[in-house]
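Enquirer: The file below is input_8.csv, CSV, C-alpha atoms and all ligand atoms:
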```csv
chain,number,residue,atom,x,y,z
A,738,MET,CA,14.9,-22.3,4.3
A,739,SER,CA,16.3,-25.1,6.4
A,740,LEU,CA,19.6,-26.4,7.9
A,741,LYS,CA,19.5,-29.3,5.5
A,742,LYS,CA,19.5,-26.9,2.5
A,743,ASN,CA,21.6,-24.0,3.8
A,744,ASP,CA,24.2,-25.8,5.9
A,745,PRO,CA,24.3,-29.4,4.8
A,746,GLU,CA,27.7,-30.0,6.5
A,747,ILE,CA,26.3,-29.3,10.0
A,748,TYR,CA,22.9,-30.9,9.1
A,749,ASN,CA,24.7,-34.1,8.1
A,750,LEU,CA,26.8,-34.2,11.2
A,751,ILE,CA,23.6,-33.9,13.3
A,752,GLN,CA,22.1,-36.8,11.3
A,753,LYS,CA,25.2,-38.9,11.8
A,754,GLU,CA,25.1,-38.2,15.6
A,755,ARG,CA,21.3,-39.0,15.6
A,756,LYS,CA,22.1,-42.4,14.0
A,757,ARG,CA,24.9,-43.1,16.4
A,758,GLN,CA,22.6,-42.3,19.4
A,759,ALA,CA,19.8,-44.5,18.0
A,760,GLU,CA,22.0,-47.5,17.1
A,761,THR,CA,24.1,-47.7,20.3
A,762,LEU,CA,23.5,-48.5,23.9
A,763,ASP,CA,24.2,-45.4,26.0
A,764,LEU,CA,25.5,-46.5,29.4
A,765,ILE,CA,27.2,-43.2,30.2
A,766,ALA,CA,25.8,-42.5,33.6
A,767,SER,CA,25.6,-38.7,33.1
A,768,GLU,CA,23.7,-38.9,29.8
A,769,ASN,CA,20.1,-39.2,28.9
A,770,TYR,CA,17.6,-38.4,26.1
A,771,SER,CA,15.6,-35.2,26.4
A,772,SER,CA,12.1,-35.1,25.1
A,773,LYS,CA,11.1,-33.4,21.9
A,774,GLU,CA,9.3,-30.8,24.0
A,775,VAL,CA,12.5,-30.0,26.0
A,776,MET,CA,14.4,-29.6,22.7
A,777,GLU,CA,11.7,-27.5,21.2
A,778,ALA,CA,12.0,-25.0,24.0
A,779,LEU,CA,15.8,-25.2,23.8
A,780,GLY,CA,15.8,-24.5,20.1
A,781,SER,CA,13.2,-21.7,20.3
A,782,ILE,CA,13.3,-18.0,19.5
A,783,LEU,CA,14.1,-17.4,23.2
A,784,THR,CA,17.7,-17.8,22.2
A,785,ASN,CA,17.4,-14.3,20.7
A,786,LYS,CA,16.8,-12.5,23.9
A,787,TYR,CA,19.2,-10.8,26.3
A,788,ALA,CA,18.0,-10.4,29.9
A,789,GLU,CA,20.8,-9.6,32.2
A,790,ASN,CA,19.9,-9.5,35.9
A,791,TYR,CA,16.6,-10.9,37.4
A,792,PRO,CA,12.9,-10.6,36.6
A,793,GLY,CA,11.7,-7.1,37.2
A,794,LYS,CA,15.1,-5.5,37.2
A,795,ARG,CA,16.7,-6.2,33.9
A,796,TYR,CA,19.2,-4.0,32.0
A,797,TYR,CA,17.3,-4.6,28.7
A,798,GLY,CA,13.9,-3.7,27.4
A,799,GLY,CA,11.5,-6.2,26.1
A,800,CYS,CA,11.9,-8.6,29.0
A,801,GLU,CA,8.3,-8.9,30.1
A,802,VAL,CA,7.8,-12.3,28.5
A,803,VAL,CA,11.1,-13.8,29.7
A,804,ASP,CA,10.4,-12.4,33.2
A,805,GLU,CA,7.3,-14.4,33.3
A,806,LEU,CA,9.1,-17.4,31.9
A,807,GLU,CA,11.8,-17.3,34.5
A,808,GLU,CA,9.3,-17.1,37.3
A,809,VAL,CA,7.4,-20.1,36.0
A,810,ALA,CA,10.7,-22.0,35.8
A,811,LYS,CA,11.5,-21.2,39.4
A,812,GLU,CA,8.1,-22.1,40.6
A,813,ARG,CA,8.2,-25.4,38.8
A,814,VAL,CA,11.6,-26.2,40.4
A,815,ARG,CA,10.1,-25.4,43.8
A,816,GLU,CA,7.3,-27.8,43.2
A,817,ALA,CA,9.4,-30.6,41.7
A,818,PHE,CA,11.8,-30.5,44.7
A,819,ALA,CA,9.1,-29.7,47.3
A,820,LEU,CA,11.2,-26.8,48.4
A,821,PRO,CA,10.3,-25.3,51.8
A,822,LEU,CA,9.0,-21.7,51.7
A,823,ASP,CA,12.2,-20.3,53.1
A,824,TRP,CA,14.2,-21.6,50.1
A,825,HIS,CA,15.3,-19.7,47.1
A,826,VAL,CA,15.9,-20.8,43.5
A,827,ASN,CA,18.2,-19.6,40.8
A,828,VAL,CA,17.7,-21.0,37.3
A,829,GLN,CA,20.4,-19.0,35.5
A,830,PRO,CA,23.6,-21.2,35.8
A,831,TYR,CA,24.8,-22.2,32.4
A,832,SER,CA,25.7,-25.7,33.7
A,833,GLY,CA,26.9,-27.6,36.7
A,834,SER,CA,30.5,-26.4,36.9
A,835,PRO,CA,29.5,-22.7,36.9
A,836,ALA,CA,26.7,-23.4,39.4
A,837,ASN,CA,29.3,-24.9,41.9
A,838,LEU,CA,31.7,-22.0,41.3
A,839,GLU,CA,28.9,-19.5,41.8
A,840,VAL,CA,28.1,-21.0,45.2
A,841,TYR,CA,31.8,-21.0,46.3
A,842,ASN,CA,32.2,-17.5,45.1
A,843,ALA,CA,29.1,-16.5,47.1
A,844,LEU,CA,29.9,-18.2,50.4
A,845,LEU,CA,33.6,-18.5,50.6
A,846,GLU,CA,36.8,-16.4,50.5
A,847,PRO,CA,39.8,-17.6,48.5
A,848,GLY,CA,41.8,-19.9,50.8
A,849,ASP,CA,38.8,-21.1,52.8
A,850,THR,CA,38.8,-24.8,53.8
A,851,VAL,CA,36.2,-27.0,52.1
A,852,MET,CA,35.7,-30.7,52.5
A,853,SER,CA,34.6,-32.9,49.5
A,854,LEU,CA,35.1,-36.4,48.0
A,855,ASP,CA,38.2,-36.5,45.8
A,856,LEU,CA,37.7,-36.9,42.0
A,857,ALA,CA,39.3,-40.3,41.8
A,858,SER,CA,36.8,-41.7,44.4
A,859,GLY,CA,33.8,-40.2,42.7
A,860,GLY,CA,33.8,-36.5,43.3
A,861,HIS,CA,33.9,-33.9,40.5
A,862,LEU,CA,36.5,-31.6,39.0
A,863,THR,CA,34.8,-28.6,40.6
A,864,HIS,CA,34.9,-30.3,44.0
A,865,GLY,CA,38.5,-29.1,44.4
A,866,SER,CA,40.5,-31.1,41.9
A,867,PRO,CA,44.1,-29.7,41.9
A,868,VAL,CA,43.9,-29.2,38.1
A,869,ASN,CA,40.6,-27.2,38.5
A,870,PHE,CA,40.2,-23.5,39.4
A,871,THR,CA,38.4,-24.6,42.6
A,872,GLY,CA,41.4,-26.6,43.7
A,873,LYS,CA,43.7,-23.7,43.0
A,874,THR,CA,41.5,-21.1,44.8
A,875,TYR,CA,40.1,-22.8,47.9
A,876,LYS,CA,41.8,-25.2,50.3
A,877,PHE,CA,40.0,-28.4,49.6
A,878,VAL,CA,40.6,-31.3,51.9
A,879,HIS,CA,39.3,-34.6,50.5
A,880,TYR,CA,37.6,-37.4,52.3
A,881,GLY,CA,37.7,-40.8,50.6
A,882,LEU,CA,35.8,-44.0,50.5
A,883,SER,CA,36.4,-46.8,52.9
A,884,PRO,CA,39.0,-49.1,51.3
A,885,LYS,CA,37.2,-52.0,52.9
A,886,THR,CA,33.6,-51.3,51.8
A,887,GLY,CA,34.0,-48.8,48.9
A,888,LYS,CA,31.4,-46.7,50.7
A,889,LEU,CA,31.3,-43.4,52.5
A,890,ASP,CA,32.6,-43.7,56.0
A,891,TYR,CA,30.8,-41.1,58.1
A,892,MET,CA,32.9,-41.6,61.2
A,893,GLU,CA,36.1,-40.9,59.1
A,894,ILE,CA,34.4,-37.8,57.5
A,895,LEU,CA,33.5,-36.6,61.0
A,896,LYS,CA,37.1,-37.1,62.3
A,897,LEU,CA,38.5,-35.2,59.3
A,898,ALA,CA,36.0,-32.4,59.7
A,899,ASP,CA,37.0,-32.1,63.4
A,900,LYS,CA,40.6,-31.9,62.4
A,901,VAL,CA,40.4,-29.4,59.5
A,902,ASN,CA,37.3,-27.3,60.6
A,903,PRO,CA,35.9,-26.6,57.1
A,904,LYS,CA,33.8,-23.6,56.3
A,905,LEU,CA,31.8,-25.8,53.9
A,906,ILE,CA,31.2,-29.5,53.5
A,907,LEU,CA,30.3,-30.7,50.1
A,908,CYS,CA,28.4,-33.9,49.5
A,909,GLY,CA,27.8,-34.8,45.9
A,910,TYR,CA,29.2,-37.4,43.5
A,911,THR,CA,29.6,-38.4,39.9
A,912,ALA,CA,30.6,-41.9,40.5
A,913,TYR,CA,29.2,-43.1,43.8
A,914,SER,CA,26.6,-45.9,43.6
A,915,ARG,CA,25.2,-45.9,47.1
A,916,GLU,CA,22.4,-44.0,48.8
A,917,VAL,CA,23.8,-41.0,50.7
A,918,ASP,CA,22.8,-40.4,54.3
A,919,PHE,CA,22.2,-36.7,54.1
A,920,LYS,CA,21.1,-36.5,57.8
A,921,LYS,CA,24.5,-37.8,58.9
A,922,PHE,CA,26.2,-35.1,56.7
A,923,ARG,CA,24.0,-32.5,58.4
A,924,GLU,CA,25.1,-33.7,61.9
A,925,ILE,CA,28.8,-33.6,60.9
A,926,ALA,CA,28.3,-30.0,59.4
A,927,ASP,CA,26.6,-28.9,62.6
A,928,LYS,CA,29.3,-30.3,64.8
A,929,VAL,CA,31.9,-28.2,63.1
A,930,LYS,CA,29.6,-25.3,62.2
A,931,ALA,CA,30.1,-25.7,58.5
A,932,ILE,CA,27.7,-24.9,55.6
A,933,ALA,CA,26.3,-28.1,54.2
A,934,MET,CA,26.2,-28.1,50.4
A,935,ALA,CA,25.0,-30.9,48.1
A,936,ASP,CA,25.7,-31.3,44.4
A,937,ILE,CA,22.9,-33.6,43.3
A,938,SER,CA,23.5,-33.4,39.6
A,939,HIS,CA,23.6,-37.2,39.1
A,940,ILE,CA,20.7,-38.2,41.3
A,941,ALA,CA,18.3,-35.2,40.9
A,942,GLY,CA,15.9,-37.2,38.8
A,943,LEU,CA,15.8,-40.0,41.3
A,944,ILE,CA,15.1,-37.5,44.1
A,945,VAL,CA,12.3,-35.8,42.2
A,946,GLY,CA,10.9,-39.2,41.2
A,947,GLY,CA,10.9,-40.4,44.7
A,948,ALA,CA,13.6,-43.1,44.2
A,949,HIS,CA,16.3,-41.4,46.4
A,950,GLN,CA,16.2,-39.4,49.6
A,951,SER,CA,16.4,-35.6,49.2
A,952,PRO,CA,19.1,-33.5,50.9
A,953,ILE,CA,16.9,-30.4,51.0
A,954,PRO,CA,15.5,-31.0,54.5
A,955,PHE,CA,19.0,-31.2,55.9
A,956,PHE,CA,21.2,-29.0,53.7
A,957,ASP,CA,21.8,-25.2,53.3
A,958,VAL,CA,22.5,-25.1,49.5
A,959,VAL,CA,22.0,-27.6,46.7
A,960,THR,CA,23.2,-27.4,43.1
A,961,SER,CA,22.2,-29.6,40.3
A,962,THR,CA,22.5,-30.0,36.5
A,963,VAL,CA,19.2,-30.8,34.7
A,964,HIS,CA,20.4,-33.1,32.0
A,965,LYS,CA,21.3,-36.3,33.7
A,966,THR,CA,18.6,-38.4,35.5
A,967,LEU,CA,16.3,-35.4,35.1
A,968,ARG,CA,16.4,-35.7,31.3
A,969,GLY,CA,16.4,-31.9,30.7
A,970,PRO,CA,18.6,-29.4,28.8
A,971,ARG,CA,22.3,-28.9,29.6
A,972,ALA,CA,21.8,-26.3,32.3
A,973,ALA,CA,21.8,-26.1,36.1
A,974,ILE,CA,20.0,-24.7,39.1
A,975,ILE,CA,21.0,-23.5,42.6
A,976,MET,CA,18.5,-24.0,45.5
A,977,SER,CA,19.4,-22.5,48.8
A,978,LYS,CA,18.0,-21.3,52.1
A,979,ASP,CA,16.8,-17.7,51.9
A,980,LYS,CA,19.7,-16.4,54.0
A,981,TYR,CA,22.1,-17.2,51.2
A,982,ALA,CA,19.9,-16.1,48.3
A,983,SER,CA,21.1,-12.6,47.9
A,984,ALA,CA,24.8,-13.6,47.9
A,985,ILE,CA,24.1,-16.5,45.5
A,986,ASP,CA,22.1,-14.3,43.1
A,987,LYS,CA,24.8,-11.7,43.0
A,988,SER,CA,27.4,-14.3,42.5
A,989,VAL,CA,25.6,-15.7,39.4
A,990,PHE,CA,24.9,-12.3,38.0
A,991,PRO,CA,26.9,-10.1,37.8
A,992,GLY,CA,29.6,-12.1,39.6
A,993,MET,CA,30.2,-14.9,37.2
A,994,GLN,CA,27.7,-14.8,34.4
A,995,GLY,CA,26.2,-12.3,31.9
A,996,GLY,CA,22.9,-12.8,30.2
A,997,PRO,CA,21.0,-15.9,31.2
A,998,HIS,CA,20.1,-18.4,28.4
A,999,GLU,CA,16.3,-18.0,28.4
A,1000,ASN,CA,15.9,-20.8,26.0
A,1001,ALA,CA,17.6,-23.2,28.5
A,1002,ILE,CA,15.5,-21.7,31.3
A,1003,ALA,CA,12.3,-22.5,29.3
A,1004,ALA,CA,13.6,-26.1,28.8
A,1005,ILE,CA,14.3,-26.3,32.5
A,1006,ALA,CA,10.6,-25.4,33.1
A,1007,VAL,CA,9.4,-28.1,30.6
A,1008,THR,CA,11.7,-30.6,32.3
A,1009,MET,CA,10.3,-29.9,35.8
A,1010,LYS,CA,6.7,-30.3,34.5
A,1011,GLU,CA,7.6,-33.7,33.0
A,1012,ALA,CA,9.4,-34.7,36.2
A,1013,LYS,CA,6.2,-34.1,38.2
A,1014,THR,CA,4.3,-36.8,36.3
A,1015,VAL,CA,3.4,-40.3,37.4
A,1016,ALA,CA,5.2,-41.6,34.4
A,1017,PHE,CA,8.4,-39.9,35.6
A,1018,ARG,CA,8.0,-41.5,39.1
A,1019,LYS,CA,7.8,-44.9,37.4
A,1020,TYR,CA,10.8,-44.0,35.3
A,1021,ALA,CA,12.9,-43.2,38.3
A,1022,GLU,CA,11.9,-46.4,40.0
A,1023,GLN,CA,12.7,-48.4,36.9
A,1024,VAL,CA,16.2,-46.7,36.5
A,1025,VAL,CA,17.1,-48.1,39.9
A,1026,LYS,CA,15.7,-51.5,39.3
A,1027,ASN,CA,17.5,-51.7,36.0
A,1028,CYS,CA,20.8,-50.6,37.5
A,1029,LYS,CA,20.5,-53.2,40.2
A,1030,THR,CA,19.7,-55.9,37.7
A,1031,LEU,CA,22.6,-54.9,35.5
A,1032,ALA,CA,25.0,-55.0,38.4
A,1033,ARG,CA,23.8,-58.4,39.6
A,1034,ALA,CA,24.0,-59.8,36.1
A,1035,LEU,CA,27.6,-58.5,35.6
A,1036,GLN,CA,28.5,-60.0,39.0
A,1037,ASP,CA,27.2,-63.3,37.8
A,1038,PHE,CA,29.7,-63.0,34.9
A,1039,GLY,CA,32.5,-62.5,37.4
A,1040,PHE,CA,32.7,-58.7,37.2
A,1041,LYS,CA,33.6,-56.8,40.4
A,1042,ILE,CA,31.3,-53.9,41.2
A,1043,VAL,CA,32.8,-51.2,43.5
A,1044,SER,CA,31.0,-51.3,46.9
A,1045,GLY,CA,29.4,-54.6,45.9
A,1046,GLY,CA,26.4,-53.1,44.1
A,1047,THR,CA,24.3,-50.1,43.5
A,1048,ASP,CA,21.4,-48.2,45.1
A,1049,ASN,CA,21.0,-45.6,42.3
A,1050,HIS,CA,21.5,-45.2,38.5
A,1051,LEU,CA,25.2,-46.0,38.3
A,1052,MET,CA,27.9,-48.4,39.2
A,1053,ILE,CA,31.7,-48.6,38.8
A,1054,VAL,CA,33.0,-51.9,37.4
A,1055,ASP,CA,36.4,-52.8,38.7
A,1056,LEU,CA,38.2,-54.5,35.8
A,1057,THR,CA,41.4,-55.5,37.7
A,1058,ASN,CA,40.4,-59.2,37.5
A,1059,LYS,CA,39.6,-59.0,33.8
A,1060,ASN,CA,43.0,-58.3,32.3
A,1061,ILE,CA,41.8,-55.1,30.6
A,1062,THR,CA,42.1,-51.5,31.6
A,1063,GLY,CA,39.3,-49.0,31.7
A,1064,LEU,CA,40.3,-47.2,28.5
A,1065,GLU,CA,40.8,-50.5,26.6
A,1066,ALA,CA,37.4,-51.7,27.9
A,1067,ARG,CA,35.7,-48.5,26.9
A,1068,LYS,CA,37.1,-48.6,23.4
A,1069,LEU,CA,36.4,-52.3,23.0
A,1070,LEU,CA,32.8,-52.0,24.2
A,1071,GLU,CA,32.3,-49.0,22.0
A,1072,SER,CA,33.3,-51.1,18.9
A,1073,ALA,CA,30.4,-53.4,19.9
A,1074,GLY,CA,28.0,-50.5,20.2
A,1075,ILE,CA,28.1,-50.2,24.0
A,1076,VAL,CA,29.0,-46.7,25.0
A,1077,THR,CA,30.5,-46.2,28.5
A,1078,SER,CA,33.1,-43.9,30.2
A,1079,GLN,CA,36.4,-45.1,31.8
A,1080,SER,CA,36.5,-44.5,35.5
A,1081,PRO,CA,38.9,-44.8,38.4
A,1082,ILE,CA,38.2,-47.2,41.1
A,1083,PRO,CA,38.8,-46.1,44.8
A,1084,GLN,CA,42.6,-46.0,45.5
A,1085,ASP,CA,43.2,-46.7,41.8
A,1086,PRO,CA,46.9,-47.5,41.2
A,1087,ARG,CA,46.4,-46.4,37.5
A,1088,LYS,CA,46.3,-42.9,36.0
A,1089,PRO,CA,42.9,-41.1,35.4
A,1090,TRP,CA,43.2,-41.3,31.6
A,1091,ASP,CA,43.5,-45.1,31.7
A,1092,PRO,CA,42.2,-46.2,35.0
A,1093,SER,CA,41.1,-49.6,36.3
A,1094,GLY,CA,37.3,-49.3,35.7
A,1095,VAL,CA,34.4,-48.2,33.7
A,1096,ARG,CA,31.3,-46.4,34.9
A,1097,LEU,CA,27.9,-47.6,33.8
A,1098,GLY,CA,24.5,-46.0,34.2
A,1099,SER,CA,21.0,-47.1,33.5
A,1100,ALA,CA,19.2,-43.7,33.0
A,1101,ALA,CA,19.4,-43.5,29.2
A,1102,LEU,CA,18.5,-47.1,28.5
A,1103,THR,CA,15.5,-46.8,30.8
A,1104,SER,CA,14.3,-43.8,28.9
A,1105,ARG,CA,14.2,-46.1,25.8
A,1106,GLY,CA,11.8,-48.4,27.7
A,1107,MET,CA,14.3,-51.1,28.5
A,1108,LYS,CA,13.6,-53.2,31.6
A,1109,GLU,CA,15.2,-55.9,33.7
A,1110,LYS,CA,15.2,-58.5,30.9
A,1111,GLU,CA,17.1,-56.1,28.6
A,1112,MET,CA,19.6,-55.3,31.3
A,1113,SER,CA,20.5,-59.0,31.6
A,1114,LYS,CA,21.0,-59.0,27.8
A,1115,VAL,CA,23.3,-56.0,28.0
A,1116,ALA,CA,25.3,-57.7,30.7
A,1117,SER,CA,25.7,-60.8,28.6
A,1118,TRP,CA,26.9,-58.7,25.6
A,1119,MET,CA,29.4,-56.9,27.8
A,1120,ALA,CA,30.7,-60.2,29.2
A,1121,ALA,CA,31.0,-61.8,25.8
A,1122,VAL,CA,33.0,-58.9,24.3
A,1123,ILE,CA,35.4,-58.5,27.3
A,1124,ALA,CA,36.0,-62.3,27.3
A,1125,ASP,CA,36.5,-62.5,23.5
A,1126,HIS,CA,37.4,-59.3,21.7
A,1127,ASP,CA,36.7,-61.0,18.4
A,1128,VAL,CA,32.9,-61.1,19.0
A,1129,ALA,CA,32.6,-57.3,19.0
A,1130,GLY,CA,31.5,-57.0,15.4
A,1131,LYS,CA,28.8,-59.7,15.8
A,1132,VAL,CA,27.5,-58.0,19.0
A,1133,ARG,CA,27.6,-54.6,17.1
A,1134,ASP,CA,25.2,-56.1,14.5
A,1135,GLU,CA,22.9,-57.6,17.1
A,1136,ILE,CA,22.8,-54.3,19.0
A,1137,LYS,CA,21.9,-52.4,15.8
A,1138,ARG,CA,18.9,-54.7,15.3
A,1139,PHE,CA,18.0,-54.7,19.1
A,1140,THR,CA,17.9,-50.9,19.4
A,1141,LYS,CA,15.3,-50.6,16.6
A,1142,ASN,CA,12.8,-52.0,19.1
A,1143,PHE,CA,13.6,-49.3,21.7
A,1144,PRO,CA,13.3,-45.9,20.1
A,1145,ALA,CA,14.9,-43.2,22.1
A,1146,PRO,CA,12.6,-40.3,23.1
A,1147,GLY,CA,13.4,-37.1,21.2
A,1148,LEU,CA,15.3,-38.9,18.4
B,1,LIG,N1,31.2,-35.0,33.6
B,1,LIG,C1,30.0,-35.4,34.3
B,1,LIG,C2,29.9,-36.8,34.5
B,1,LIG,O1,30.1,-37.6,33.5
B,1,LIG,O2,29.5,-37.3,35.6
B,1,LIG,C3,29.8,-34.6,35.5
B,1,LIG,O3,29.8,-33.3,35.2
```
Transcribe the structure of this file into structure tokens.
Ligand code: DSN

Expert:
Amino acid sequence: MSLKKNDPEIYNLIQKERKRQAETLDLIASENYSSKEVMEALGSILTNKYAENYPGKRYYGGCEVVDELEEVAKERVREAFALPLDWHVNVQPYSGSPANLEVYNALLEPGDTVMSLDLASGGHLTHGSPVNFTGKTYKFVHYGLSPKTGKLDYMEILKLADKVNPKLILCGYTAYSREVDFKKFREIADKVKAIAMADISHIAGLIVGGAHQSPIPFFDVVTSTVHKTLRGPRAAIIMSKDKYASAIDKSVFPGMQGGPHENAIAAIAVTMKEAKTVAFRKYAEQVVKNCKTLARALQDFGFKIVSGGTDNHLMIVDLTNKNITGLEARKLLESAGIVTSQSPIPQDPRKPWDPSGVRLGSAALTSRGMKEKEMSKVASWMAAVIADHDVAGKVRDEIKRFTKNFPAPGL
């Protein structure tokens, strides 16, 4: 009895994807390689269990084991993020988008004003994009990045907050490469009496690993996915001050979700244990070192990096001086075995599907054991392919050989 024997079509597709992951360089800033242990929990018999509601008050029998499991997962999140005693954890959100919706649903009324960074400047669809449910339901007012520096301009954010008087200010980004001053956000939120919410999906692993400041001492509610720099399963968590706990729990269940995915919750628990190790602290530090090295090496090849560099695991490469669009670059690089995502640059004159930049991240390559030397090599491959499209095939072969020396965890 095996997938290989009983469903070779799906088995073969998984093998094909495994090979693709092994033989390419993953520079997608939101991706990573989970450990075998995380995947073992995710693929376990826990997938069979229904457990609507929370430990101790489920609607189903037979929940004594998953009750214990969910408490362990919550406790490990508390430890990993060093949560104060008056903070609450919910580990049931299916992923980052539901987690954000669940917080809005708990703390806002439709039509309430919320401030966030716009998607094109590095926000997220669920941060009030007009095409998203959040943008249609709440009155999102977007702050941008300084056109001069490509960085957050806290004075401008304060001015806007004073003007629009938001009920909630959201700080959290999918494409912002600089350290965030969470204390400043707290001060702005206090001035206008807004709830301060952070979506740390991208930088959560850096925070737990000590390579980025944490918003928790300053904020009221924090959401995060677990699968980016944290290297966990595709799932999410909500951490909040106790005074919001009941509204948030009710919003998750029964407000917006049914039965929690206990297999994913087990994998969250495994992730949090891994994230507490010394090895993970070293990993987080190396992610940042690698990203800085990659940015500098690309700059040496004449690439423009939005904001002039990076403090975290990602960067946006502005391709306007390279005579290639973001989509074209993504496809060209992919043909050479370098996998990225196209990305808008601040105030991008081009459309989101084919914007002016690509986003790069160092989290996945660092999980494969690559260091500064390898980042310089990656930059030189990228520069060679963008300068001369005809070398893509040769680079593809070199990368296939190169990746053999850096086996990805879990593959
Ligand atoms: N789509 C994710 C990213 O790539 O950043 C965020 O959810």

Enquirer: Calculated over all atoms listed in the file, which of the candidates A:Lys1041, A:Lys1114, A:His864, A:Lys888 has the smallest distance to Leu907 (chain A)?

Expert: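 Under the stated criterion, the closest residue is A:His864.
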
Enquirer: At most 8 Å from (21.8, -39.1, 50.6), file frame, all atoms listed in the file: which residues, as a list of chain:residue names?

Expert: A:Glu916, A:Val917, A:Asp918, A:Phe919, A:Lys920, A:His949, A:Gln950, A:Ser951, A:Pro952

Enquirer: With C-alpha atoms retained, write the just-selected residues as a PDB file, keeping the file's coordinate frame.

Expert:
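Ended up saving to selection.pdb:
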```
ATOM      1  CA  GLU A 916      22.400 -44.000  48.800  1.00  0.00           C
ATOM      2  CA  VAL A 917      23.800 -41.000  50.700  1.00  0.00           C
ATOM      3  CA  ASP A 918      22.800 -40.400  54.300  1.00  0.00           C
ATOM      4  CA  PHE A 919      22.200 -36.700  54.100  1.00  0.00           C
ATOM      5  CA  LYS A 920      21.100 -36.500  57.800  1.00  0.00           C
ATOM      6  CA  HIS A 949      16.300 -41.400  46.400  1.00  0.00           C
ATOM      7  CA  GLN A 950      16.200 -39.400  49.600  1.00  0.00           C
ATOM      8  CA  SER A 951      16.400 -35.600  49.200  1.00  0.00           C
ATOM      9  CA  PRO A 952      19.100 -33.500  50.900  1.00  0.00           C
TER      10      PRO A 952
END
```

Enquirer: Select the residues contacting ligand LIG 1 (chain B) at a distance of at most 8 Å, based on only C-alpha atoms and all ligand atoms, then format the selection as a ChimeraX atom specification.

Expert: /A:765-768,833-834,861-862,910-912,938-939,1078

Enquirer: For Tyr880 (chain A), please output as number ranges by chain all residues within 9 Å (counting all atoms listed in the file; exclusion window: fewer than 3 positions along the same chain).

Expert: A: 852-855, 889-890, 893-894, 897

Enquirer: Could you list, as a list of chain:residue names, every residue within 9 Å of Asn842 (chain A), counting all atoms listed in the file and ignoring same-chain residues fewer than 5 positions away?

Expert: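 Here the answer would be A:Asn837, A:Pro847, A:Ala984, A:Ile985, A:Ser988, A:Val989, A:Gly992, A:Met993.
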
Enquirer: Tell me which protein, DNA and RNA residues are within 6 Å of Ile1053 (chain A), counting all atoms listed in the file, leaving out same-chain ones fewer than 4 positions away, and put them as a CSV table (one decimal) with C-alpha atoms, keeping the file's coordinate frame.

Expert:
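So the final result, stored in result_29.csv, reads:
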```
chain,number,residue,atom,x,y,z
A,1042,ILE,CA,31.3,-53.9,41.2
A,1043,VAL,CA,32.8,-51.2,43.5
A,1095,VAL,CA,34.4,-48.2,33.7
A,1096,ARG,CA,31.3,-46.4,34.9
```

Enquirer: Figure out the distance between CA of Gln1023 (chain A) and CA of Val828 (chain A), please, to one decimal in Å.

Expert: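 These two atoms are separated by 27.9 Å.
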
Enquirer: Could you please determine the separation between CA of Leu943 (chain A) and CA of Gly887 (chain A) in Å, to one decimal place?

Expert: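 Interatomic distance, CA of Leu943 (chain A) to CA of Gly887 (chain A): 21.6 Å.
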
Enquirer: Distance CA of His964 (chain A)-CA of Leu844 (chain A), one decimal place?

Expert: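 For CA of His964 (chain A) relative to CA of Leu844 (chain A), the distance reads 25.5 Å.
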
Enquirer: Identify which of the residues A:Asp763, A:Asp804, A:Asp1127, A:Glu746 lies closest to Met1107 (chain A), counting only C-alpha atoms when measuring atom-to-atom distances.

Expert: A:Asp763

Enquirer: Between A:Leu1069, A:Ala1006, A:Val851, A:Ala1116, which has the minimum distance to Val1054 (chain A) (counting all atoms listed in the file)?

Expert: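 Closest to Val1054 (chain A) of all the choices is A:Ala1116.
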
Enquirer: Within 12 Å of Asp1085 (chain A), counting all atoms listed in the file, which residues qualify if same-chain residues fewer than 5 places away don't, as a list in words?

Expert: Leu856, Ala857, Ser858, Gly859, Gly881, Leu882, Pro884, Gly887, Val1043, Asp1055, Leu1056, Thr1057, Thr1062, Gly1063, Ser1080, Trp1090, Asp1091, Pro1092, Ser1093 and Gly1094 of chain A

Enquirer: May I have a table of the residues of region 1057-1143 of chain A lying at most 12 Å from region 752-756 of chain A, giving each one's closest pair of atoms and their distance in Å to one decimal, counting all atoms listed in the file, ordered by chain and ascending residue number, as a tab-separated table?

Expert:
```
residue	atom	partner	partner_atom	distance
A:Gly1074	CA	A:Lys756	CA	11.8
A:Lys1137	CA	A:Lys756	CA	10.2
A:Thr1140	CA	A:Lys756	CA	10.9
A:Lys1141	CA	A:Lys756	CA	11.0
```

Enquirer: Taking all atoms listed in the file into account, which of A:Lys930, A:Lys873, A:Lys1131, A:Lys921 comes nearest Leu905 (chain A)?

Expert: A:Lys930

Enquirer: What's the 10 Å shell around Ile953 (chain A), counting only C-alpha atoms, without same-chain residues fewer than 5 positions away, as a list in words?

Expert: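 My list of contacting residues is Phe818, Ala819, Leu820, Pro821, Trp824, Phe919, Met934, Ala935, Val958, Val959, Met976, Ser977 and Lys978 of chain A.
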
Enquirer: Ranking A:Asp823, A:Val1025, A:Phe990, A:Ala788 by minimum distance to Pro954 (chain A) and counting all atoms listed in the file, which one comes first?

Expert: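 When distances to Pro954 (chain A) are compared using all atoms listed in the file, the smallest one comes from A:Asp823.
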
Enquirer: Which one is closest to Val963 (chain A): A:Ala941, A:Leu1051, A:Leu806, A:Ala1100? Count all atoms listed in the file.

Expert: A:Ala941
